file coords.txt (compact mmCIF, N, CA and C atoms)
# COMPACT_ATOMS: atom_id res chain seq x y z
N MET A 1 -32.05 -71.30 -78.08
CA MET A 1 -32.52 -70.25 -78.97
C MET A 1 -33.95 -69.91 -78.56
N GLY A 2 -34.25 -68.64 -78.52
CA GLY A 2 -35.59 -68.21 -78.14
C GLY A 2 -36.64 -68.61 -79.16
N ARG A 3 -37.84 -68.74 -78.70
CA ARG A 3 -38.94 -69.16 -79.58
C ARG A 3 -39.18 -68.14 -80.69
N LEU A 4 -39.11 -66.86 -80.35
CA LEU A 4 -39.34 -65.82 -81.35
C LEU A 4 -38.28 -65.86 -82.44
N VAL A 5 -37.03 -66.06 -82.04
CA VAL A 5 -35.93 -66.14 -83.01
C VAL A 5 -36.13 -67.36 -83.91
N ARG A 6 -36.51 -68.49 -83.31
CA ARG A 6 -36.73 -69.71 -84.08
C ARG A 6 -37.86 -69.51 -85.11
N GLU A 7 -38.94 -68.88 -84.68
CA GLU A 7 -40.07 -68.65 -85.59
C GLU A 7 -39.69 -67.67 -86.70
N ALA A 8 -38.89 -66.66 -86.36
CA ALA A 8 -38.42 -65.71 -87.37
C ALA A 8 -37.53 -66.41 -88.39
N LEU A 9 -36.70 -67.34 -87.94
CA LEU A 9 -35.86 -68.11 -88.87
C LEU A 9 -36.70 -69.01 -89.77
N ILE A 10 -37.74 -69.61 -89.20
CA ILE A 10 -38.62 -70.46 -90.01
C ILE A 10 -39.34 -69.62 -91.06
N PHE A 11 -39.86 -68.45 -90.66
CA PHE A 11 -40.54 -67.55 -91.60
C PHE A 11 -39.58 -67.11 -92.71
N SER A 12 -38.35 -66.74 -92.32
CA SER A 12 -37.36 -66.30 -93.30
C SER A 12 -36.97 -67.42 -94.25
N ALA A 13 -36.85 -68.63 -93.74
CA ALA A 13 -36.51 -69.78 -94.59
C ALA A 13 -37.63 -70.05 -95.58
N ILE A 14 -38.88 -69.97 -95.13
CA ILE A 14 -40.01 -70.16 -96.04
C ILE A 14 -40.01 -69.08 -97.11
N PHE A 15 -39.77 -67.84 -96.70
CA PHE A 15 -39.71 -66.72 -97.66
C PHE A 15 -38.64 -66.96 -98.72
N LEU A 16 -37.46 -67.34 -98.27
CA LEU A 16 -36.35 -67.57 -99.20
C LEU A 16 -36.64 -68.74 -100.13
N LEU A 17 -37.13 -69.84 -99.59
CA LEU A 17 -37.42 -71.01 -100.42
C LEU A 17 -38.53 -70.73 -101.43
N LEU A 18 -39.57 -70.02 -101.01
CA LEU A 18 -40.64 -69.69 -101.96
C LEU A 18 -40.14 -68.76 -103.05
N SER A 19 -39.37 -67.75 -102.67
CA SER A 19 -38.89 -66.81 -103.69
C SER A 19 -37.97 -67.49 -104.69
N LEU A 20 -37.13 -68.38 -104.21
CA LEU A 20 -36.24 -69.11 -105.13
C LEU A 20 -37.00 -70.14 -105.96
N ALA A 21 -37.98 -70.78 -105.36
CA ALA A 21 -38.73 -71.81 -106.08
C ALA A 21 -39.57 -71.21 -107.20
N PHE A 22 -40.20 -70.07 -106.95
CA PHE A 22 -41.09 -69.48 -107.95
C PHE A 22 -40.35 -68.63 -108.97
N HIS A 23 -39.24 -68.00 -108.58
CA HIS A 23 -38.57 -67.05 -109.47
C HIS A 23 -37.08 -67.34 -109.60
N TYR A 24 -36.69 -68.60 -109.67
CA TYR A 24 -35.27 -68.92 -109.68
C TYR A 24 -34.55 -68.33 -110.90
N GLU A 25 -35.20 -68.31 -112.06
CA GLU A 25 -34.54 -67.77 -113.25
C GLU A 25 -34.29 -66.27 -113.09
N ALA A 26 -35.27 -65.56 -112.54
CA ALA A 26 -35.11 -64.12 -112.35
C ALA A 26 -34.02 -63.83 -111.33
N TRP A 27 -33.94 -64.63 -110.27
CA TRP A 27 -32.91 -64.41 -109.25
C TRP A 27 -31.52 -64.71 -109.80
N LEU A 28 -31.42 -65.64 -110.72
CA LEU A 28 -30.11 -65.97 -111.29
C LEU A 28 -29.71 -65.00 -112.39
N ASP A 29 -30.68 -64.59 -113.22
CA ASP A 29 -30.37 -63.72 -114.36
C ASP A 29 -30.23 -62.25 -113.98
N HIS A 30 -31.20 -61.71 -113.27
CA HIS A 30 -31.21 -60.28 -112.98
C HIS A 30 -31.88 -60.01 -111.62
N PRO A 31 -31.20 -60.31 -110.52
CA PRO A 31 -31.82 -60.15 -109.20
C PRO A 31 -32.19 -58.70 -108.86
N ALA A 32 -31.35 -57.74 -109.21
CA ALA A 32 -31.66 -56.34 -108.89
C ALA A 32 -32.88 -55.88 -109.70
N GLY A 33 -32.92 -56.24 -110.95
CA GLY A 33 -34.07 -55.88 -111.79
C GLY A 33 -35.35 -56.54 -111.31
N HIS A 34 -35.22 -57.74 -110.81
CA HIS A 34 -36.38 -58.45 -110.28
C HIS A 34 -36.95 -57.73 -109.06
N LEU A 35 -36.09 -57.28 -108.18
CA LEU A 35 -36.54 -56.53 -107.00
C LEU A 35 -37.13 -55.18 -107.38
N GLN A 36 -36.55 -54.52 -108.38
CA GLN A 36 -37.06 -53.22 -108.82
C GLN A 36 -38.42 -53.34 -109.49
N ALA A 37 -38.70 -54.50 -110.09
CA ALA A 37 -39.98 -54.70 -110.77
C ALA A 37 -41.10 -55.09 -109.81
N LEU A 38 -40.78 -55.34 -108.57
CA LEU A 38 -41.78 -55.78 -107.59
C LEU A 38 -42.94 -54.81 -107.41
N PRO A 39 -42.71 -53.49 -107.33
CA PRO A 39 -43.86 -52.59 -107.16
C PRO A 39 -44.85 -52.62 -108.34
N GLY A 40 -44.39 -52.98 -109.51
CA GLY A 40 -45.27 -53.05 -110.67
C GLY A 40 -45.87 -54.42 -110.91
N SER A 41 -45.69 -55.31 -109.98
CA SER A 41 -46.19 -56.67 -110.12
C SER A 41 -47.72 -56.68 -110.17
N PRO A 42 -48.31 -57.51 -111.03
CA PRO A 42 -49.77 -57.59 -111.07
C PRO A 42 -50.37 -58.13 -109.77
N MET A 43 -49.60 -58.84 -108.98
CA MET A 43 -50.09 -59.37 -107.71
C MET A 43 -49.89 -58.38 -106.56
N GLY A 44 -49.20 -57.30 -106.81
CA GLY A 44 -48.97 -56.29 -105.78
C GLY A 44 -47.61 -56.43 -105.13
N ILE A 45 -47.19 -55.37 -104.49
CA ILE A 45 -45.86 -55.34 -103.90
C ILE A 45 -45.74 -56.27 -102.70
N TRP A 46 -46.84 -56.54 -102.01
CA TRP A 46 -46.80 -57.33 -100.79
C TRP A 46 -47.04 -58.82 -101.02
N HIS A 47 -47.19 -59.27 -102.25
CA HIS A 47 -47.54 -60.68 -102.48
C HIS A 47 -46.51 -61.68 -101.93
N PRO A 48 -45.22 -61.37 -101.93
CA PRO A 48 -44.30 -62.36 -101.33
C PRO A 48 -44.57 -62.58 -99.84
N LEU A 49 -44.91 -61.51 -99.13
CA LEU A 49 -45.18 -61.65 -97.70
C LEU A 49 -46.51 -62.36 -97.46
N TRP A 50 -47.50 -62.12 -98.29
CA TRP A 50 -48.80 -62.80 -98.13
C TRP A 50 -48.65 -64.29 -98.36
N PHE A 51 -47.94 -64.67 -99.41
CA PHE A 51 -47.74 -66.09 -99.70
C PHE A 51 -46.93 -66.76 -98.59
N THR A 52 -45.90 -66.06 -98.11
CA THR A 52 -45.08 -66.61 -97.04
C THR A 52 -45.90 -66.77 -95.77
N ALA A 53 -46.70 -65.77 -95.44
CA ALA A 53 -47.53 -65.85 -94.23
C ALA A 53 -48.54 -66.99 -94.34
N GLY A 54 -49.12 -67.17 -95.53
CA GLY A 54 -50.07 -68.27 -95.72
C GLY A 54 -49.43 -69.63 -95.53
N LEU A 55 -48.26 -69.81 -96.11
CA LEU A 55 -47.57 -71.10 -95.95
C LEU A 55 -47.07 -71.27 -94.52
N TYR A 56 -46.65 -70.18 -93.89
CA TYR A 56 -46.21 -70.25 -92.49
C TYR A 56 -47.37 -70.70 -91.59
N LEU A 57 -48.57 -70.17 -91.83
CA LEU A 57 -49.73 -70.59 -91.05
C LEU A 57 -50.07 -72.06 -91.30
N LEU A 58 -49.95 -72.49 -92.54
CA LEU A 58 -50.20 -73.90 -92.86
C LEU A 58 -49.18 -74.81 -92.17
N VAL A 59 -47.93 -74.43 -92.24
CA VAL A 59 -46.88 -75.20 -91.58
C VAL A 59 -47.09 -75.19 -90.06
N GLY A 60 -47.50 -74.04 -89.53
CA GLY A 60 -47.79 -73.95 -88.10
C GLY A 60 -48.93 -74.86 -87.68
N ALA A 61 -49.97 -74.96 -88.52
CA ALA A 61 -51.09 -75.85 -88.21
C ALA A 61 -50.62 -77.31 -88.20
N VAL A 62 -49.79 -77.68 -89.17
CA VAL A 62 -49.26 -79.05 -89.21
C VAL A 62 -48.39 -79.31 -87.99
N ARG A 63 -47.56 -78.34 -87.62
CA ARG A 63 -46.72 -78.50 -86.43
C ARG A 63 -47.56 -78.66 -85.17
N ALA A 64 -48.66 -77.91 -85.09
CA ALA A 64 -49.54 -78.00 -83.91
C ALA A 64 -50.20 -79.38 -83.84
N VAL A 65 -50.67 -79.89 -84.98
CA VAL A 65 -51.30 -81.21 -84.99
C VAL A 65 -50.29 -82.29 -84.62
N VAL A 66 -49.10 -82.20 -85.16
CA VAL A 66 -48.06 -83.19 -84.83
C VAL A 66 -47.71 -83.10 -83.35
N GLY A 67 -47.63 -81.90 -82.81
CA GLY A 67 -47.33 -81.74 -81.38
C GLY A 67 -48.42 -82.35 -80.51
N MET A 68 -49.69 -82.14 -80.88
CA MET A 68 -50.78 -82.74 -80.12
C MET A 68 -50.76 -84.25 -80.20
N MET A 69 -50.46 -84.77 -81.37
CA MET A 69 -50.39 -86.22 -81.54
C MET A 69 -49.26 -86.81 -80.69
N ARG A 70 -48.13 -86.12 -80.64
CA ARG A 70 -47.02 -86.59 -79.81
C ARG A 70 -47.41 -86.62 -78.34
N LYS A 71 -48.13 -85.60 -77.86
CA LYS A 71 -48.57 -85.57 -76.47
C LYS A 71 -49.54 -86.70 -76.19
N ILE A 72 -50.46 -86.94 -77.11
CA ILE A 72 -51.45 -88.01 -76.93
C ILE A 72 -50.76 -89.36 -76.90
N LEU A 73 -49.84 -89.57 -77.82
CA LEU A 73 -49.13 -90.86 -77.87
C LEU A 73 -48.20 -91.04 -76.68
N ALA A 74 -47.65 -89.95 -76.16
CA ALA A 74 -46.75 -90.04 -75.00
C ALA A 74 -47.53 -90.43 -73.75
N ARG A 75 -48.78 -90.00 -73.63
CA ARG A 75 -49.61 -90.36 -72.48
C ARG A 75 -49.97 -91.83 -72.49
N LYS A 76 -50.20 -92.36 -73.67
CA LYS A 76 -50.61 -93.77 -73.79
C LYS A 76 -49.43 -94.71 -73.59
N GLY A 77 -48.24 -94.24 -73.91
CA GLY A 77 -47.05 -95.11 -73.87
C GLY A 77 -46.34 -95.17 -72.61
call {"tool": "encode", "arguments": {"input": "coords.txt", "output": "structure tokens"}}
result
Amino acid sequence: MGRLVREALIFSAIFLLLSLAFHYEAWLDHPAGHLQALPGSPMGIWHPLWFTAGLYLLVGAVRAVVGMMRKILARKG
């Protein structure tokens, strides 16, 4: 699988998990109404993407640190 496809899947999974974690009742009760109310949200229409991007960057930083640690430990071993 290409790197871009893998990263897109990770971003999409984070988006889905965050949306379900924060708004599970709305998604279960009235998903269409929840999507229609998004433009009137006090946080703005783009807040799901901003939160997802923030968590994606945080996860990416953790992945980078773990990758560097693996390389360092592989050299010593």
call {"tool": "atom_distance", "arguments": {"input": "coords.txt", "atom1": "atom C of Met43 (chain A)", "atom2": "atom N of Val5 (chain A)"}}
result
28.7 Å
call {"tool": "atom_distance", "arguments": {"input": "coords.txt", "atom1": "atom C of Thr52 (chain A)", "atom2": "CA of Phe15 (chain A)"}}
result
6.5 Å
call {"tool": "atom_distance", "arguments": {"input": "coords.txt", "atom1": "atom N of Lys76 (chain A)", "atom2": "atom C of Arg63 (chain A)"}}
result
18.1 Å
call {"tool": "select_by_dssp", "arguments": {"input": "coords.txt", "residues": "chain A", "states": "alpha helix (DSSP H)", "output": "number ranges by chain"}}
result
A: 3-29, 31-36, 47-76
call {"tool": "axis_aligned_box", "arguments": {"input": "coords.txt", "around": "region 33-38 of chain A", "padding_each_side": "8 Å", "output": "AutoDock Vina command-line options"}}
result
--center_x -37.9 --center_y -55.8 --center_z -109.4 --size_x 26.0 --size_y 21.2 --size_z 20.8
